[in-house]
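Structure file target_5.txt (compact mmCIF, C-alpha atoms) is printed below.
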```txt
# COMPACT_ATOMS: atom_id res chain seq x y z
CA MET A 139 127.81 131.75 17.94
CA SER A 140 130.51 131.84 20.59
CA ILE A 141 129.72 133.93 23.66
CA SER A 142 131.89 134.74 26.61
CA CYS A 143 130.63 133.14 29.82
CA LEU A 144 131.65 133.55 33.44
CA VAL A 145 130.79 130.63 35.74
CA THR A 146 131.14 131.39 39.43
CA GLY A 147 131.68 128.20 41.40
CA GLY A 148 132.85 126.60 38.17
CA VAL A 149 135.02 123.92 39.77
CA GLY A 150 132.16 122.80 42.00
CA PHE A 151 129.68 119.98 41.47
CA ILE A 152 127.07 121.72 39.31
CA GLY A 153 129.37 124.41 37.98
CA SER A 154 131.89 121.97 36.51
CA HIS A 155 129.17 120.09 34.61
CA LEU A 156 127.95 123.42 33.27
CA VAL A 157 131.48 124.36 32.17
CA ASP A 158 131.80 121.05 30.30
CA ARG A 159 128.60 121.66 28.37
CA LEU A 160 129.46 125.28 27.56
CA LEU A 161 132.81 124.19 26.13
CA GLN A 162 131.16 121.42 24.12
CA ALA A 163 128.88 124.08 22.60
CA GLY A 164 131.92 126.12 21.57
CA HIS A 165 131.67 128.94 24.10
CA ARG A 166 134.58 130.73 25.71
CA VAL A 167 134.47 130.15 29.47
CA ARG A 168 136.00 131.89 32.47
CA VAL A 169 135.66 130.40 35.95
CA LEU A 170 135.81 132.11 39.33
CA ASP A 171 136.07 129.82 42.35
CA ASN A 172 137.63 129.92 45.81
CA PHE A 173 138.01 126.10 45.97
CA THR A 174 136.20 125.92 49.31
CA THR A 175 133.69 123.28 48.19
CA GLY A 176 134.96 122.67 44.64
CA PHE A 177 137.97 120.80 43.32
CA ARG A 178 140.35 121.53 40.46
CA HIS A 179 140.17 117.89 39.33
CA ASN A 180 136.51 118.44 38.42
CA LEU A 181 137.79 120.25 35.34
CA GLU A 182 140.56 117.83 34.47
CA GLY A 183 140.65 117.31 30.76
CA VAL A 184 139.29 120.78 29.97
CA ALA A 185 141.46 122.99 32.20
CA ALA A 186 143.56 124.09 29.22
CA ASP A 187 140.41 125.46 27.57
CA VAL A 188 139.19 127.44 30.58
CA GLU A 189 140.45 130.62 32.21
CA ILE A 190 140.39 129.91 35.96
CA ILE A 191 140.52 132.75 38.47
CA GLU A 192 140.99 131.74 42.08
CA GLY A 193 138.95 134.08 44.20
CA ASP A 194 135.79 134.79 46.12
CA VAL A 195 132.42 136.30 45.23
CA ARG A 196 132.75 138.40 48.38
CA ASP A 197 135.58 140.27 46.60
CA LEU A 198 133.80 142.85 44.44
CA GLY A 199 137.01 144.15 42.89
CA LEU A 200 137.99 140.71 41.70
CA LEU A 201 134.48 140.08 40.39
CA ARG A 202 134.62 143.29 38.36
CA SER A 203 137.78 141.99 36.68
CA ALA A 204 136.29 138.53 36.13
CA ALA A 205 133.13 139.96 34.54
CA ARG A 206 134.97 142.19 32.07
CA GLY A 207 133.95 141.37 28.50
CA VAL A 208 131.45 138.73 29.59
CA ASP A 209 128.06 138.32 27.92
CA THR A 210 126.48 135.77 30.30
CA VAL A 211 127.15 135.04 33.97
CA PHE A 212 126.16 131.69 35.47
CA HIS A 213 126.23 132.24 39.22
CA GLU A 214 126.68 128.84 40.88
CA ALA A 215 129.00 129.86 43.72
CA ALA A 216 127.47 129.49 47.17
CA LEU A 217 128.11 128.24 50.66
CA PRO A 218 125.71 125.28 50.65
CA SER A 219 123.92 123.33 53.37
CA VAL A 220 121.04 124.04 55.70
CA PRO A 221 122.85 122.58 58.77
CA ARG A 222 125.98 124.65 58.04
CA SER A 223 123.88 127.80 57.91
CA PHE A 224 122.73 127.25 61.49
CA THR A 225 126.34 126.79 62.58
CA ASP A 226 127.55 129.96 60.80
CA PRO A 227 124.67 132.12 59.54
CA ILE A 228 126.89 135.14 58.92
CA ALA A 229 129.20 133.29 56.53
CA THR A 230 126.15 131.87 54.76
CA HIS A 231 124.69 135.34 54.28
CA GLU A 232 127.97 136.88 53.16
CA ASN A 233 128.59 134.19 50.54
CA ASN A 234 125.06 133.70 49.24
CA ALA A 235 123.29 137.04 49.63
CA THR A 236 126.13 139.58 49.57
CA GLY A 237 128.03 137.40 47.09
CA THR A 238 125.07 137.46 44.70
CA LEU A 239 124.73 141.22 45.10
CA ASN A 240 128.42 141.57 44.15
CA VAL A 241 127.93 139.34 41.10
CA LEU A 242 125.01 141.46 39.94
CA VAL A 243 126.89 144.73 40.45
CA ALA A 244 129.89 143.39 38.53
CA ALA A 245 127.68 142.06 35.72
CA ARG A 246 125.80 145.36 35.48
CA ASP A 247 128.98 147.41 35.35
CA ALA A 248 130.53 145.08 32.76
CA GLY A 249 127.50 145.41 30.49
CA ALA A 250 126.63 141.70 30.69
CA ARG A 251 123.43 140.68 28.95
CA ARG A 252 122.16 138.08 31.42
CA VAL A 253 122.83 136.52 34.82
CA VAL A 254 121.48 133.04 35.61
CA CYS A 255 121.52 132.60 39.37
CA ALA A 256 121.27 129.33 41.30
CA SER A 257 118.61 129.45 43.98
CA SER A 258 117.01 126.70 46.05
CA SER A 259 113.70 125.00 46.74
CA SER A 260 114.42 125.65 50.42
CA VAL A 261 112.87 129.12 50.02
CA TYR A 262 109.42 127.47 50.10
CA GLY A 263 109.92 126.06 53.57
CA ASP A 264 107.52 123.33 54.61
CA ALA A 265 104.41 124.54 52.80
CA PRO A 266 101.69 121.84 53.04
CA VAL A 267 101.00 121.58 49.30
CA GLU A 268 101.48 118.63 46.98
CA ARG A 269 103.50 120.56 44.38
CA LYS A 270 105.41 123.76 44.97
CA ARG A 271 104.71 126.49 42.44
CA GLU A 272 106.64 129.71 41.99
CA ASP A 273 103.63 131.80 43.07
CA LEU A 274 103.48 130.03 46.45
CA PRO A 275 104.37 132.34 49.38
CA THR A 276 107.95 131.75 50.51
CA ALA A 277 108.56 130.63 54.08
CA PRO A 278 112.28 129.92 54.62
CA ARG A 279 113.14 127.82 57.67
CA SER A 280 116.92 128.26 57.76
CA PRO A 281 119.54 130.98 57.29
CA TYR A 282 120.55 129.20 54.08
CA ALA A 283 117.03 129.49 52.68
CA VAL A 284 116.85 133.16 53.69
CA SER A 285 120.15 133.86 51.92
CA LYS A 286 118.89 132.25 48.71
CA LEU A 287 115.62 134.18 48.86
CA ALA A 288 117.59 137.41 49.30
CA ALA A 289 119.65 136.48 46.23
CA GLU A 290 116.45 136.02 44.21
CA GLN A 291 115.10 139.37 45.29
CA TYR A 292 118.34 141.08 44.30
CA CYS A 293 118.03 139.48 40.85
CA ARG A 294 114.53 140.87 40.43
CA ALA A 295 115.53 144.30 41.72
CA PHE A 296 118.43 144.53 39.26
CA PHE A 297 116.13 143.60 36.41
CA ILE A 298 113.56 146.22 37.41
CA GLY A 299 116.05 148.92 38.37
CA TYR A 300 118.86 148.46 35.87
CA GLY A 301 117.44 146.29 33.09
CA LEU A 302 119.94 143.52 33.82
CA GLU A 303 118.34 140.27 32.65
CA ALA A 304 118.80 138.32 35.87
CA VAL A 305 116.88 135.06 36.31
CA ALA A 306 116.85 132.73 39.33
CA LEU A 307 116.52 128.94 39.16
CA ARG A 308 115.20 127.13 42.23
CA TYR A 309 117.01 123.79 42.27
CA PHE A 310 115.40 120.78 43.94
CA ASN A 311 117.88 118.28 45.45
CA VAL A 312 120.40 118.04 42.63
CA PHE A 313 122.54 114.89 42.45
CA GLY A 314 125.05 113.29 40.14
CA PRO A 315 128.76 112.60 39.54
CA ARG A 316 131.34 114.85 41.27
CA GLN A 317 129.15 115.59 44.28
CA ASP A 318 131.40 115.54 47.34
CA PRO A 319 130.44 112.73 49.76
CA ASN A 320 133.08 113.54 52.38
CA SER A 321 131.86 116.82 53.80
CA PRO A 322 129.78 116.70 56.99
CA TYR A 323 127.31 118.82 55.02
CA SER A 324 127.20 116.58 51.94
CA ALA A 325 123.90 115.76 50.27
CA VAL A 326 122.04 112.54 50.94
CA ILE A 327 122.66 110.61 47.71
CA PRO A 328 126.49 110.75 47.69
CA ARG A 329 126.48 109.97 51.43
CA PHE A 330 124.26 106.95 50.95
CA ILE A 331 126.19 105.62 47.93
CA THR A 332 129.64 105.91 49.50
CA ALA A 333 128.47 104.42 52.80
CA MET A 334 126.89 101.44 51.06
CA LEU A 335 129.93 100.91 48.82
CA ASN A 336 131.98 100.77 52.03
CA GLY A 337 129.65 98.17 53.52
CA GLN A 338 128.12 100.64 55.97
CA SER A 339 124.47 101.36 56.68
CA PRO A 340 123.22 104.71 55.34
CA THR A 341 122.14 107.16 58.03
CA ILE A 342 118.69 108.75 57.77
CA TYR A 343 117.86 111.83 59.84
CA GLY A 344 114.21 111.30 60.74
CA ASP A 345 111.91 108.38 59.95
CA GLY A 346 112.80 108.02 56.24
CA LEU A 347 109.28 108.85 55.10
CA GLN A 348 110.27 112.39 54.12
CA SER A 349 110.47 112.85 50.35
CA ARG A 350 112.48 114.88 47.87
CA ASP A 351 112.29 115.81 44.19
CA PHE A 352 115.72 114.39 43.30
CA THR A 353 117.02 116.03 40.12
CA TYR A 354 119.90 114.70 38.02
CA VAL A 355 122.59 117.28 37.36
CA GLN A 356 122.36 117.22 33.56
CA ASN A 357 118.73 118.29 33.79
CA VAL A 358 119.90 121.30 35.79
CA VAL A 359 122.57 122.11 33.20
CA ASP A 360 119.91 121.95 30.47
CA ALA A 361 117.82 124.45 32.42
CA ASN A 362 120.74 126.86 32.81
CA LEU A 363 121.48 126.85 29.10
CA LEU A 364 117.83 127.43 28.23
CA ALA A 365 117.47 130.20 30.81
CA ALA A 366 120.57 131.91 29.41
CA THR A 367 119.22 132.18 25.87
CA SER A 368 115.42 132.31 26.05
CA PRO A 369 113.65 135.68 25.71
CA GLY A 370 111.36 137.19 28.31
CA VAL A 371 112.74 135.53 31.45
CA GLY A 372 114.47 138.50 33.11
CA GLY A 373 113.37 139.04 36.70
CA GLU A 374 111.66 135.63 36.89
CA VAL A 375 112.17 132.61 39.15
CA PHE A 376 111.75 129.02 37.98
CA ASN A 377 111.54 125.63 39.65
CA ILE A 378 114.08 123.19 38.22
CA ALA A 379 113.31 119.56 39.04
CA ARG A 380 111.75 116.37 37.71
CA GLY A 381 108.36 117.09 39.23
CA GLU A 382 108.43 113.73 41.07
CA ASN A 383 109.27 112.90 44.65
CA TYR A 384 110.78 109.85 46.32
CA GLY A 385 111.00 108.93 49.99
CA LEU A 386 114.38 108.30 51.58
CA LEU A 387 113.43 104.69 52.28
CA ASP A 388 112.63 104.33 48.56
CA LEU A 389 116.04 105.80 47.79
CA VAL A 390 117.75 103.23 50.01
CA ASP A 391 115.84 100.39 48.32
CA ALA A 392 116.78 101.67 44.85
CA LEU A 393 120.46 101.90 45.79
CA LYS A 394 120.43 98.42 47.32
CA ALA A 395 119.26 97.06 43.97
CA ILE A 396 121.74 99.09 41.91
CA LEU A 397 124.74 98.35 44.13
CA GLY A 398 123.82 94.74 44.91
CA VAL A 399 123.99 95.17 48.68
CA ASP A 400 121.53 94.54 51.51
CA LEU A 401 122.12 97.17 54.17
CA ALA A 402 119.33 98.47 56.40
CA PRO A 403 119.50 102.19 57.25
CA THR A 404 120.17 103.55 60.69
CA PHE A 405 118.11 106.44 62.02
CA GLU A 406 119.06 109.64 63.82
CA LYS A 407 116.89 112.50 65.06
CA PRO A 408 115.68 115.00 62.41
CA ARG A 409 117.91 118.00 61.67
CA ALA A 410 116.88 121.61 62.25
CA GLY A 411 115.48 123.34 59.19
CA ASP A 412 114.77 120.19 57.18
CA VAL A 413 111.45 120.14 55.32
CA ARG A 414 109.16 117.11 55.31
CA HIS A 415 108.21 116.87 51.63
CA SER A 416 109.44 118.62 48.52
CA ARG A 417 108.00 118.26 45.03
CA ALA A 418 108.10 120.80 42.23
CA ASP A 419 105.65 122.03 39.67
CA VAL A 420 107.89 122.70 36.64
CA SER A 421 105.17 123.90 34.27
CA LYS A 422 106.41 127.52 34.32
CA ALA A 423 109.90 126.54 33.11
CA ARG A 424 108.34 124.24 30.54
CA GLU A 425 106.06 126.96 29.19
CA MET A 426 108.50 129.88 29.26
CA PHE A 427 111.70 128.25 28.00
CA GLY A 428 110.89 124.70 27.00
CA PHE A 429 112.49 122.89 29.93
CA GLU A 430 111.98 119.13 29.84
CA PRO A 431 113.90 117.01 32.38
CA ARG A 432 115.21 114.27 30.12
CA VAL A 433 117.06 112.09 32.65
CA GLY A 434 114.80 110.21 35.06
CA PHE A 435 115.47 109.45 38.70
CA GLU A 436 116.34 105.77 38.25
CA GLU A 437 118.63 106.40 35.26
CA GLY A 438 120.35 109.28 37.02
CA LEU A 439 120.82 107.22 40.16
CA ARG A 440 122.39 104.39 38.15
CA LEU A 441 124.74 106.78 36.32
CA THR A 442 125.73 108.38 39.61
CA ALA A 443 126.36 105.07 41.39
CA GLU A 444 128.46 103.84 38.46
CA TRP A 445 130.59 106.99 38.65
CA TYR A 446 131.26 106.53 42.38
CA GLN A 447 132.10 102.89 41.78
CA ARG A 448 134.67 103.91 39.14
CA GLN A 449 136.22 106.40 41.54
CA ARG A 450 137.01 103.57 43.92
```
Show me this structure written as structure tokens.
Amino acid sequence: MSISCLVTGGVGFIGSHLVDRLLQAGHRVRVLDNFTTGFRHNLEGVAADVEIIEGDVRDLGLLRSAARGVDTVFHEAALPSVPRSFTDPIATHENNATGTLNVLVAARDAGARRVVCASSSSVYGDAPVERKREDLPTAPRSPYAVSKLAAEQYCRAFFIGYGLEAVALRYFNVFGPRQDPNSPYSAVIPRFITAMLNGQSPTIYGDGLQSRDFTYVQNVVDANLLAATSPGVGGEVFNIARGENYGLLDLVDALKAILGVDLAPTFEKPRAGDVRHSRADVSKAREMFGFEPRVGFEEGLRLTAEWYQRQR
């Protein structure tokens, strides 16, 4: 059955992959994006099938118009990056916390059935546990993490107070095609791949022994689609990841093998707000809506590297 979907941040990295899959499933899709961190070419080939509204989640009036007639809202729009949030914490809060509040108000007033909101594993902080579970106390270490935690709490409050089925997904280090490598705030995998393709050493902030639960983007899209349709998930938060972690030195070694290069990393001092280790327990998402991450780290890394090679 066709449903009407609004995807905020729909020309961005994750949002554009989500739009592709929604269209493939036969849904009608509307996108709201301010093109700050997303690119129109991410939707090339499907632009004729999508209604694109250029605008900002900080604009409540525009959001009310965008949400009109919509059944499901996928809220991917955000101002990303822990380092950026230290540079401009107010902009981070306005986009991520206030922006989410605006999305929820617009969805409530439009009579939307469900909102699936992108959150972040950064809300856990640097908790000294092997696997991070949703019932672990949150301990954000950056303005970005605080803004995402505020967004989660707004989702829960709107479910309790208004009955809006809002659910938050805590993403762990998502990677894949279309991730921008050129921003000073870009994620580690696109930075490493593009540097190594250019014959440059990848730069590691810290000693390289820190680890992350790297999660291929199509696994994240799967989780969004399941969270949008499964019963009994309103007001909940879910980890979305592979449930495995890899050190940054391991990542460099894997990319050296995939790309056929031999480049040793260079090291810089650790960045403020970075956590040491991050690994998810995904059993709650598995039990409540059948989430199974089907693309492994090595396969996802190969698919991602091949995409960046084709872009050259």
For stretch 282-293 of chain A: contacts at 7 Å, all atoms listed in the file, fewer than 4 positions along chain excluded, given as a VMD selection string: chain A and resid 219 to 220 223 230 to 231 234 to 235 238 to 239 257 to 258 260 to 261 278 297 304 to 306 373
With all atoms listed in the file as the basis for distance, which of A:Leu181, A:Ala423, A:Val326, A:Val211 is at the shortest distance from A:Tyr343? A:Val326
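What separates atom CA of A:Arg350 from atom CA of A:Thr175 is a distance of 22.8 Å.
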Report as a ChimeraX atom specification all protein, DNA and RNA residues lying within 9 Å of A:Gly344, evaluated on all atoms listed in the file, omitting residues in the same chain fewer than 2 positions from it. /A:342,346-348,405-409
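Close contacts of A:Leu144, defined as residues with an atom at most 9 Å away when counting all atoms listed in the file, with chain neighbours fewer than 5 positions off set aside, comprise Arg166, Val167, Arg168, Val169, Leu170, Ala204, Ala205, Val208, Asp209, Thr210, Val211, Phe212 and His213 of chain A.
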Within 6 Å of A:Phe177, counting all atoms listed in the file, which residues show up once you throw out same-chain ones fewer than 3 positions away? Write them as number ranges by chain, please. A: 149, 173, 180
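Reported to one decimal place, the separation of atom CA of A:Met334 from atom CA of A:Tyr309 is 26.0 Å.
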So which residues touch A:Ala443 within 9 Å, counting all atoms listed in the file, skipping near sequence neighbours fewer than 3 positions away, as a PDB file with C-alpha atoms, in the frame of the given file?
```pdb
ATOM      1  CA  GLY A 314     125.050 113.290  40.140  1.00  0.00           C
ATOM      2  CA  PRO A 315     128.760 112.600  39.540  1.00  0.00           C
ATOM      3  CA  PRO A 328     126.490 110.750  47.690  1.00  0.00           C
ATOM      4  CA  ILE A 331     126.190 105.620  47.930  1.00  0.00           C
ATOM      5  CA  THR A 332     129.640 105.910  49.500  1.00  0.00           C
ATOM      6  CA  LEU A 393     120.460 101.900  45.790  1.00  0.00           C
ATOM      7  CA  ILE A 396     121.740  99.090  41.910  1.00  0.00           C
ATOM      8  CA  LEU A 397     124.740  98.350  44.130  1.00  0.00           C
ATOM      9  CA  GLY A 438     120.350 109.280  37.020  1.00  0.00           C
ATOM     10  CA  LEU A 439     120.820 107.220  40.160  1.00  0.00           C
ATOM     11  CA  ARG A 440     122.390 104.390  38.150  1.00  0.00           C
ATOM     12  CA  TYR A 446     131.260 106.530  42.380  1.00  0.00           C
ATOM     13  CA  GLN A 447     132.100 102.890  41.780  1.00  0.00           C
ATOM     14  CA  ARG A 448     134.670 103.910  39.140  1.00  0.00           C
TER      15      ARG A 448
END
```
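Minimum atom-to-atom distances from A:Ser280, A:Thr236, A:Ser368, A:Thr442 to A:Phe224 were compared using only C-alpha atoms, and the lowest value belongs to A:Ser280.
Relative to atom CA of A:Ile228, atom CA of A:Val241 is found at 18.3 Å.
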Give the answer as one residue: which of A:Pro340, A:Ser321, A:Ser349, A:Met426 has the shortest atom-to-atom distance to A:Thr404, using only C-alpha atoms? A:Pro340
Put the listed atoms of stretch 212-231 of chain A in a box along x, y and z with 8 Å added on every side and give me the centre and edge lengths in Å to one decimal, as AutoDock Vina command-line options.
```
--center_x 125.1 --center_y 129.0 --center_z 49.0 --size_x 24.2 --size_y 28.8 --size_z 43.1
```
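Closest approach to A:Arg251 from the set A:Tyr384, A:Ala366, A:Glu436, A:Arg417 is made by A:Ala366, with distances taken over all atoms listed in the file.
You can rank A:Glu268, A:Glu303, A:Asp226, A:Glu437 by their closest distance to A:Gly249 using only C-alpha atoms, and at the top of that list sits A:Glu303.
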